[in-house]
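Below is the file work-v6.txt, which contains compact mmCIF, C-alpha atoms.
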```
# COMPACT_ATOMS: atom_id res chain seq x y z
CA MET A 229 -3.25 -6.06 -8.64
CA ASN A 230 -3.40 -9.32 -10.58
CA ILE A 231 -1.64 -12.64 -10.82
CA VAL A 232 -1.35 -14.40 -14.18
CA GLU A 233 -2.24 -18.04 -14.79
CA THR A 234 0.81 -19.27 -16.67
CA SER A 235 -1.04 -21.92 -18.72
CA THR A 236 -3.66 -19.52 -20.10
CA GLY A 237 -2.28 -16.01 -19.58
CA LYS A 238 -5.53 -15.17 -17.81
CA LYS A 239 -5.33 -12.51 -15.09
CA PHE A 240 -6.94 -12.90 -11.70
CA PRO A 241 -7.44 -10.17 -9.09
CA ILE A 242 -5.91 -10.85 -5.68
CA GLU A 243 -6.26 -9.74 -2.09
CA VAL A 244 -3.47 -9.27 0.44
CA LEU A 245 -4.79 -9.64 3.96
CA PRO A 246 -3.34 -10.06 7.45
CA VAL A 247 -2.74 -13.69 8.38
CA GLU A 248 -5.17 -14.78 11.10
CA SER A 249 -4.19 -17.04 13.98
CA THR A 250 -6.36 -19.83 12.52
CA ASP A 251 -4.35 -19.74 9.27
CA TYR A 252 -1.14 -20.94 10.91
CA LYS A 253 -2.17 -24.57 11.12
CA SER A 254 -2.32 -24.69 7.30
CA LEU A 255 1.03 -22.94 6.82
CA VAL A 256 3.08 -26.12 6.64
CA ARG A 257 6.73 -26.17 5.64
CA ASN A 258 5.94 -28.70 2.91
CA ARG A 259 3.92 -26.12 1.00
CA TYR A 260 5.33 -22.81 2.23
CA TYR A 261 9.03 -23.73 2.70
CA PHE A 262 9.61 -22.02 6.06
CA ASP A 263 8.38 -22.43 9.62
CA TRP A 264 5.77 -19.68 9.52
CA ASN A 265 4.75 -20.39 13.09
CA CYS A 266 7.93 -18.57 14.15
CA GLU A 267 6.45 -15.44 12.57
CA ARG A 268 3.21 -15.67 14.53
CA TYR A 269 3.95 -12.47 16.46
CA GLN A 270 5.23 -10.51 13.47
CA GLU A 271 3.29 -8.53 10.87
CA VAL A 272 2.38 -11.29 8.40
CA TYR A 273 0.18 -11.05 5.29
CA LYS A 274 -1.22 -13.65 2.92
CA LEU A 275 -1.95 -13.34 -0.78
CA CYS A 276 -5.07 -15.11 -2.07
CA LYS A 277 -7.06 -14.97 -5.29
CA ALA A 278 -9.98 -12.61 -4.65
CA GLY A 279 -12.80 -14.60 -3.07
CA SER A 280 -10.63 -17.63 -2.31
CA ASP A 281 -9.17 -18.82 1.01
CA ASP A 282 -6.26 -20.66 -0.58
CA ILE A 283 -2.99 -18.94 0.36
CA LEU A 284 -0.67 -18.53 -2.64
CA GLY A 285 2.01 -16.40 -1.02
CA LEU A 286 3.11 -14.99 2.33
CA ILE A 287 5.17 -12.07 3.55
CA SER A 288 6.40 -11.11 7.01
CA LEU A 289 7.39 -7.49 7.56
CA GLU A 290 9.25 -5.43 10.10
CA ARG A 291 8.55 -1.70 10.25
CA ILE A 292 11.63 0.34 11.14
CA PRO A 293 10.22 3.89 11.34
CA GLU A 294 13.44 5.43 12.66
CA GLU A 295 15.03 4.44 9.34
CA TRP A 296 11.90 5.08 7.21
CA ARG A 297 12.21 1.46 6.17
CA ILE A 298 10.13 -1.69 5.83
CA HIS A 299 12.27 -4.82 6.05
CA ILE A 300 10.98 -8.01 4.45
CA ARG A 301 11.77 -10.70 7.02
CA LEU A 302 10.38 -13.65 5.18
CA LEU A 303 8.65 -14.12 1.86
CA THR A 304 7.44 -17.18 0.01
CA VAL A 305 5.12 -18.50 -2.65
CA SER A 306 3.24 -21.78 -2.25
CA LYS A 307 4.90 -24.90 -3.66
CA GLU A 308 2.81 -25.09 -6.85
CA ASN A 309 3.84 -21.53 -7.73
CA LYS A 310 7.57 -22.14 -7.69
CA GLY A 311 9.86 -22.73 -10.66
CA LYS A 312 9.16 -23.23 -14.35
CA GLU A 313 5.97 -25.23 -13.78
CA LYS A 314 4.39 -22.60 -11.54
CA LYS A 315 0.63 -22.18 -11.75
CA TYR A 316 0.51 -18.42 -11.24
CA ASP A 317 3.06 -15.76 -12.02
CA GLY A 318 3.50 -12.41 -10.25
CA ILE A 319 3.02 -13.44 -6.62
CA THR A 320 6.46 -12.37 -5.37
CA GLY A 321 6.26 -9.05 -7.22
CA ILE A 322 2.88 -8.24 -5.74
CA LEU A 323 4.10 -9.04 -2.23
CA ILE A 324 7.15 -6.80 -2.64
CA VAL A 325 4.91 -4.03 -4.02
CA PHE A 326 2.57 -4.50 -1.06
CA ALA A 327 5.52 -3.75 1.25
CA ALA A 328 6.56 -0.85 -0.99
CA LYS A 329 3.08 0.69 -0.74
CA ILE A 330 3.19 0.54 3.06
CA ALA A 331 6.63 2.18 2.98
CA VAL A 332 5.51 5.04 0.70
CA ARG A 333 2.28 5.51 2.66
CA GLU A 334 4.22 5.80 5.93
CA PHE A 335 7.40 7.54 4.84
CA GLY A 336 6.69 9.33 1.53
CA GLU A 337 9.81 10.21 -0.42
CA LEU A 338 12.03 8.67 2.29
CA ALA A 339 10.47 5.22 1.84
CA CYS A 340 12.65 2.16 1.57
CA VAL A 341 12.00 -1.58 1.37
CA SER A 342 14.86 -3.91 2.16
CA LEU A 343 15.57 -7.60 2.06
CA LYS A 344 18.58 -9.83 2.32
CA PRO A 345 18.44 -12.79 -0.03
CA LYS A 346 21.19 -15.41 -0.33
CA SER A 347 23.95 -14.13 -2.56
CA GLN A 348 23.14 -16.64 -5.35
CA ILE A 349 19.67 -15.21 -5.88
CA ALA A 350 20.38 -11.54 -5.10
CA GLN A 351 21.09 -10.78 -8.77
CA HIS A 352 17.62 -11.97 -9.70
CA TYR A 353 16.01 -9.39 -7.38
CA ILE A 354 18.35 -6.69 -8.66
CA ASP A 355 17.46 -7.48 -12.27
CA LYS A 356 13.75 -8.07 -11.87
CA TYR A 357 12.80 -5.46 -9.27
CA ASN A 358 15.51 -2.89 -9.93
CA MET A 359 16.87 -3.17 -6.40
CA ASN A 360 20.11 -1.65 -5.18
CA ILE A 361 22.74 -3.55 -3.25
CA THR A 362 24.56 -2.31 -0.16
CA GLY A 363 26.75 -4.93 1.50
CA MET A 364 24.45 -7.93 1.87
CA THR A 365 21.25 -5.90 1.79
CA LEU A 366 19.06 -5.23 -1.22
CA SER A 367 16.85 -2.20 -1.11
CA ILE A 368 14.48 -0.22 -3.23
CA GLU A 369 13.76 3.43 -2.62
CA MET A 370 12.94 6.59 -4.56
CA PRO A 371 12.64 6.90 -7.49
CA GLU A 372 12.67 3.17 -8.40
CA ILE A 373 10.09 2.33 -5.74
CA LEU A 374 7.49 4.48 -7.52
CA ASP A 375 8.16 2.78 -10.85
CA LEU A 376 7.81 -0.64 -9.25
CA ILE A 377 4.48 0.31 -7.67
CA LYS A 378 3.25 1.78 -10.95
CA GLN A 379 4.21 -1.40 -12.79
CA TYR A 380 2.07 -3.64 -10.57
CA ASP A 381 -0.60 -1.31 -9.24
CA HIS A 382 -3.48 -1.64 -11.64
CA ASP A 383 -6.76 -3.50 -11.67
CA GLN A 384 -6.79 -4.70 -15.27
CA MET B 170 34.17 -20.95 -9.77
CA THR B 171 31.85 -19.52 -12.41
CA MET B 172 28.25 -20.57 -12.86
CA THR B 173 27.18 -22.20 -16.12
CA SER B 174 24.29 -20.49 -17.91
CA LYS B 175 22.11 -23.55 -17.14
CA GLN B 176 22.85 -23.21 -13.41
CA ASN B 177 22.23 -19.49 -13.63
CA LYS B 178 18.83 -19.98 -15.32
CA SER B 179 17.82 -22.57 -12.77
CA ILE B 180 18.68 -20.24 -9.87
CA HIS B 181 16.66 -17.45 -11.46
CA ALA B 182 13.69 -19.76 -12.07
CA ASP B 183 13.69 -20.77 -8.40
CA ALA B 184 14.74 -17.45 -6.90
CA GLU B 185 11.18 -16.38 -6.34
CA TYR B 186 10.15 -19.24 -4.09
CA GLY B 187 11.22 -17.25 -1.11
CA VAL B 188 13.63 -15.18 0.88
CA ASP B 189 14.62 -15.52 4.50
CA SER B 190 15.97 -12.08 5.46
CA ARG B 191 15.61 -12.31 9.19
CA TYR B 192 18.45 -10.75 11.11
CA HIS B 193 20.18 -13.17 13.45
CA SER B 194 21.36 -10.55 15.93
CA THR B 195 20.93 -6.90 16.81
CA ARG B 196 24.59 -6.38 15.92
CA GLU B 197 24.08 -7.77 12.42
CA ARG B 198 21.04 -5.60 11.97
CA GLU B 199 22.69 -2.44 13.22
CA SER B 200 25.84 -2.82 11.16
CA GLU B 201 23.82 -3.34 7.97
CA ALA B 202 21.51 -0.47 8.85
CA VAL B 203 24.40 1.99 9.08
CA ALA B 204 25.79 1.07 5.65
CA LEU B 205 22.34 1.09 4.09
CA MET B 206 21.47 4.47 5.57
CA GLU B 207 24.69 6.03 4.27
CA ALA B 208 23.94 4.78 0.76
CA ARG B 209 20.33 5.96 0.97
CA ILE B 210 21.20 9.44 2.19
CA LYS B 211 23.52 9.86 -0.78
CA LYS B 212 20.70 8.83 -3.08
CA MET B 213 18.09 11.02 -1.33
CA LYS B 214 20.25 14.09 -1.91
CA GLY B 215 19.98 13.49 -5.64
CA LEU B 216 16.18 13.42 -5.70
CA SER B 217 14.58 16.09 -7.86
CA GLY B 218 11.69 18.28 -6.74
CA GLU B 219 9.43 16.49 -9.21
CA GLU B 220 10.31 13.08 -7.78
CA ILE B 221 9.49 14.30 -4.28
CA VAL B 222 6.11 15.63 -5.40
CA ARG B 223 5.34 12.34 -7.16
CA ALA B 224 6.17 10.41 -3.97
CA ARG B 225 4.01 12.69 -1.83
CA LEU B 226 1.06 12.44 -4.21
CA LEU B 227 1.25 8.66 -4.14
CA GLN B 228 1.57 8.79 -0.34
CA LEU B 229 -1.61 10.87 -0.16
CA ARG B 230 -3.52 8.44 -2.38
CA LEU B 231 -2.38 5.51 -0.25
CA LYS B 232 -3.38 7.32 2.95
CA MET B 233 -6.85 8.03 1.57
CA GLU B 234 -7.22 4.38 0.55
CA GLU B 235 -6.17 3.30 4.04
CA PHE B 236 -8.77 5.62 5.57
CA LEU B 237 -11.49 4.14 3.34
CA ALA B 238 -10.44 0.58 4.15
CA LYS B 239 -10.52 1.11 7.93
CA SER B 240 -13.31 -0.66 9.74
CA ALA B 241 -12.92 1.33 12.96
CA TYR B 242 -14.46 4.77 13.10
CA ASP B 243 -12.19 7.73 13.45
CA LYS B 244 -13.44 11.17 14.33
CA GLY B 245 -11.71 14.00 12.57
CA ASN B 246 -11.51 16.26 9.56
CA TYR B 247 -9.85 13.83 7.25
CA PHE B 248 -11.13 15.31 3.98
CA SER B 249 -9.85 18.81 4.68
CA GLU B 250 -6.54 17.45 5.99
CA CYS B 251 -6.05 15.50 2.75
CA LEU B 252 -7.08 18.52 0.70
CA LYS B 253 -4.51 20.65 2.52
CA ILE B 254 -1.78 18.07 1.86
CA TYR B 255 -2.80 17.83 -1.80
CA ILE B 256 -2.64 21.58 -2.38
CA ASP B 257 0.50 22.19 -0.32
CA THR B 258 2.32 19.36 -2.12
CA ILE B 259 1.73 20.93 -5.51
CA TYR B 260 1.52 24.69 -4.90
CA SER B 261 3.65 27.15 -3.03
CA LYS B 262 0.55 29.29 -2.38
CA ARG B 263 -3.00 28.02 -1.85
CA THR B 264 -4.40 30.97 -3.81
CA SER B 265 -2.73 29.57 -6.93
CA PHE B 266 -4.82 26.43 -6.58
CA ALA B 267 -7.94 28.54 -6.05
CA ASN B 268 -7.11 30.43 -9.27
CA ASP B 269 -6.51 27.22 -11.18
CA ILE B 270 -9.94 25.85 -10.34
CA GLU B 271 -11.60 29.26 -10.59
CA ILE B 272 -12.88 29.64 -7.06
CA THR B 273 -12.17 32.45 -4.63
CA PRO B 274 -9.34 32.04 -2.11
CA ILE B 275 -11.92 32.78 0.60
CA LEU B 276 -14.10 29.86 -0.44
CA LEU B 277 -11.07 27.57 -0.50
CA SER B 278 -9.99 28.74 2.92
CA GLN B 279 -13.50 28.14 4.30
CA ILE B 280 -13.53 24.59 2.93
CA ILE B 281 -10.05 23.83 4.23
CA ASN B 282 -10.93 25.17 7.68
CA ASN B 283 -14.26 23.34 7.80
CA HIS B 284 -16.33 26.53 7.86
CA ARG B 285 -18.14 25.61 4.68
CA ALA B 286 -19.03 22.30 3.05
CA PRO B 287 -17.63 21.70 -0.43
CA ASN B 288 -20.34 21.85 -3.08
CA GLU B 289 -20.85 19.65 -6.13
CA GLU B 290 -18.95 22.00 -8.41
CA PHE B 291 -15.94 22.05 -6.09
CA PHE B 292 -15.83 18.24 -6.05
CA LYS B 293 -16.01 18.07 -9.83
CA LYS B 294 -13.18 20.57 -10.22
CA LEU B 295 -11.08 18.80 -7.61
CA MET B 296 -11.71 15.48 -9.34
CA ILE B 297 -10.56 16.81 -12.73
CA HIS B 298 -7.56 18.60 -11.21
CA SER B 299 -6.47 15.41 -9.41
CA GLU B 300 -6.92 13.26 -12.51
CA LYS B 301 -4.61 15.57 -14.41
CA MET B 302 -2.03 15.74 -11.61
CA TYR B 303 -1.97 12.00 -11.00
CA ARG B 304 -1.85 11.06 -14.68
CA ASN B 305 1.93 10.64 -14.66
CA VAL B 306 2.25 9.56 -11.06
CA CYS B 307 0.09 6.51 -10.45
CA GLU B 308 -3.39 5.06 -10.90
CA PHE B 309 -6.02 7.35 -9.42
CA GLN B 310 -9.63 6.54 -8.62
CA GLN B 311 -11.64 9.61 -9.61
CA GLN B 312 -14.25 8.98 -6.93
CA ILE B 313 -11.79 8.95 -4.04
CA TRP B 314 -12.34 12.57 -2.86
CA TYR B 315 -16.10 11.98 -2.71
CA GLN B 316 -15.59 8.72 -0.87
CA VAL B 317 -13.28 10.25 1.74
CA TYR B 318 -15.66 13.16 2.32
CA TYR B 319 -18.79 11.04 2.74
CA GLN B 320 -16.97 8.35 4.76
CA GLU B 321 -15.85 11.07 7.17
CA LYS B 322 -19.38 12.46 7.41
CA LEU B 323 -20.76 9.01 8.09
CA ASN B 324 -18.10 8.28 10.71
CA ASN B 325 -18.71 11.56 12.50
CA THR B 326 -22.49 11.07 12.44
CA LEU B 327 -22.24 7.57 13.88
CA LEU B 328 -19.68 8.56 16.48
CA THR B 329 -21.76 11.45 17.81
CA GLN B 330 -25.08 9.60 18.05
CA ASP B 331 -25.21 10.06 21.82
CA ILE B 332 -25.35 13.81 21.28
CA TRP B 333 -27.80 14.20 18.40
CA ARG B 334 -29.93 11.09 18.65
CA PRO B 335 -32.19 11.81 21.66
CA GLN B 336 -33.44 15.08 20.22
CA ILE B 337 -33.84 13.84 16.64
CA GLU B 338 -35.50 10.61 17.72
CA GLU B 339 -38.34 12.59 19.26
CA HIS B 340 -39.25 13.71 15.76
CA VAL B 341 -39.24 10.26 14.16
CA ARG B 342 -42.36 8.05 14.24
CA ILE B 343 -43.52 4.95 12.43
CA SER B 344 -47.24 5.30 11.92
CA GLU B 345 -47.48 2.19 9.78
CA PRO B 346 -45.57 -0.59 11.60
CA LEU B 347 -44.98 -3.99 10.03
CA GLU B 348 -47.35 -5.59 12.56
CA LYS B 349 -50.22 -3.95 10.72
CA TYR B 350 -49.73 -6.54 7.95
CA ASN B 351 -50.20 -9.50 10.32
CA LYS B 352 -53.26 -11.58 9.62
CA ALA B 353 -55.92 -11.13 12.20
```
Output the file's structure in the form of structure tokens.
Amino acid sequence: MNIVETSTGKKFPIEVLPVESTDYKSLVRNRYYFDWNCERYQEVYKLCKAGSDDILGLISLERIPEEWRIHIRLLTVSKENKGKEKKYDGITGILIVFAAKIAVREFGELACVSLKPKSQIAQHYIDKYNMNITGMTLSIEMPEILDLIKQYDHDQ
Amino acid sequence: MTMTSKQNKSIHADAEYGVDSRYHSTRERESEAVALMEARIKKMKGLSGEEIVRARLLQLRLKMEEFLAKSAYDKGNYFSECLKIYIDTIYSKRTSFANDIEITPILLSQIINNHRAPNEEFFKKLMIHSEKMYRNVCEFQQQIWYQVYYQEKLNNTLLTQDIWRPQIEEHVRISEPLEKYNKA
């Protein structure tokens, strides 16, 4: 999977790896918007450019096997990758697809990824990631989940 | 109150900075889970057979990738388990797969039950068959069956060293040690 440098259109391969305990001291609210220390005991992953230690995005997940579901607890991009002036594009999509791949690997055709954004931004996730809305919860499942994975899951 | 298009654009531009979806209570979580599950079950009932096969093929690929990425050794017959899943996902009878790749059902059964090692030709046929099947499902690395097979062999060899090593080691000597190159 690749992120795209917005100024040049150049693609860069990325890695999504588990956050290590030593990473937390650099996960400051000023750059990553939330108190990531609260997630220390959750399943948290970081997105970096391949070969780099600089964390460009983060995701915290909750596995709910009895519902064949992965719930995205918390997700963010680093400050310089937010808004119109963002340096790299595609970080959020890759993190959602990362969760989707875990869900399909674990639950096959029953897989589901859910999240619960504020109502003002929910429409964005519905439009961009083809999510469904149930009450306050957005979710993606079969068959849309496969299309989303296919859209992002390539090396070139 | 309606949003202006400028406000709407700005929200969309910033929407991706993050989401805080943490549930604040078990009650909140449970009530949302019930509604979500009802909606999902309705949707699941509408899935076609083809969509289910596509999901299971992707699941298999992801499981094989997970196996290859694992650093801890795992003893087991992972290759044949994956092969079984692959065939049973696509075919109602394993003999149909054997016919499609022009091998005998007996040979296939022996490979699946670990009574015979797959040969080069079997791997090549499996590789081509998988490429064709996965073409409309997802990306597929053609080397993955080889990698799973040899990774499993390596894992099993390393995990059973205590058993095979003493006997084999008796038949391994180094008659030309590095020390021989030391200056006198």
>> Using all atoms listed in the file and a distance of at most 8 Å, pull out the residues of chain B that contact chain A, as a PyMOL selection string.
In response: chain B and resi 180-192+201+204-206+208-209+213+216+220-221+224-225+227-229+231-232+306-308
> Just how far from CA of Ile297 (chain B) is CA of Gln316 (chain B), in Å to one decimal?
Replying inline: 15.2 Å
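In this structure, CA of Gly279 (chain A) sits 29.5 Å away from CA of Leu327 (chain B).
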> Just how far from CA of Tyr247 (chain B) is CA of His298 (chain B), in Å to one decimal?
Replying inline: 19.2 Å
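The protein and nucleic acid residues lying at most 6 Å from Asn230 (chain A) are Lys239, Phe240, Pro241 and Ile242 of chain A, with only C-alpha atoms considered and sequence neighbours fewer than 2 positions away removed.
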Convert the current residue selection to file output with C-alpha atoms, as a PDB file, in the coordinates of the input.
```pdb
ATOM      1  CA  LYS A 239      -5.330 -12.510 -15.090  1.00  0.00           C
ATOM      2  CA  PHE A 240      -6.940 -12.900 -11.700  1.00  0.00           C
ATOM      3  CA  PRO A 241      -7.440 -10.170  -9.090  1.00  0.00           C
ATOM      4  CA  ILE A 242      -5.910 -10.850  -5.680  1.00  0.00           C
TER       5      ILE A 242
END
```
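Distance annotation: of A:Arg257, A:Ile354, A:Met359, A:Val247, the residue with the minimal separation from Leu275 (chain A) is A:Val247; atom set is all atoms listed in the file.
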> Which polymer residues, protein or nucleic acid, are no farther than 9 Å from (-5.2, -7.1, 4.6), counting only C-alpha atoms, as number ranges by chain?
Replying inline: A: 243-247, 273-275
> Of the candidates A:Ile292, A:Leu376, A:Ala327, A:Leu284, which one gets nearest to Leu255 (chain A) if we count only C-alpha atoms?
Replying inline: A:Leu284
>> Can you tell me which residues surround region 267-279 of chain B at a distance of at most 8 Å, considering only C-alpha atoms, apart from same-chain residues fewer than 4 positions away, and format the answer as a list in words?
In response: Arg263, Asn283, His284, Arg285, Lys294, Leu295 and His298 of chain B
Could the centre and edge lengths of an axis-aligned box, enclosing all atoms of region 357-376 of chain A in the file with 5 Å extra on each side, be given in Å to one decimal as JSON?
```
{"center_x": 17.1, "center_y": -0.5, "center_z": -4.5, "size_x": 29.3, "size_y": 24.8, "size_z": 22.7}
```
>> as a PyMOL selection string, please: the residues near region 320-322 of chain B (cut-off 9 Å, all atoms listed in the file, same-chain neighbours under 2 positions excluded).
In response: chain B and resi 236-237+242-248+315-318+324-327
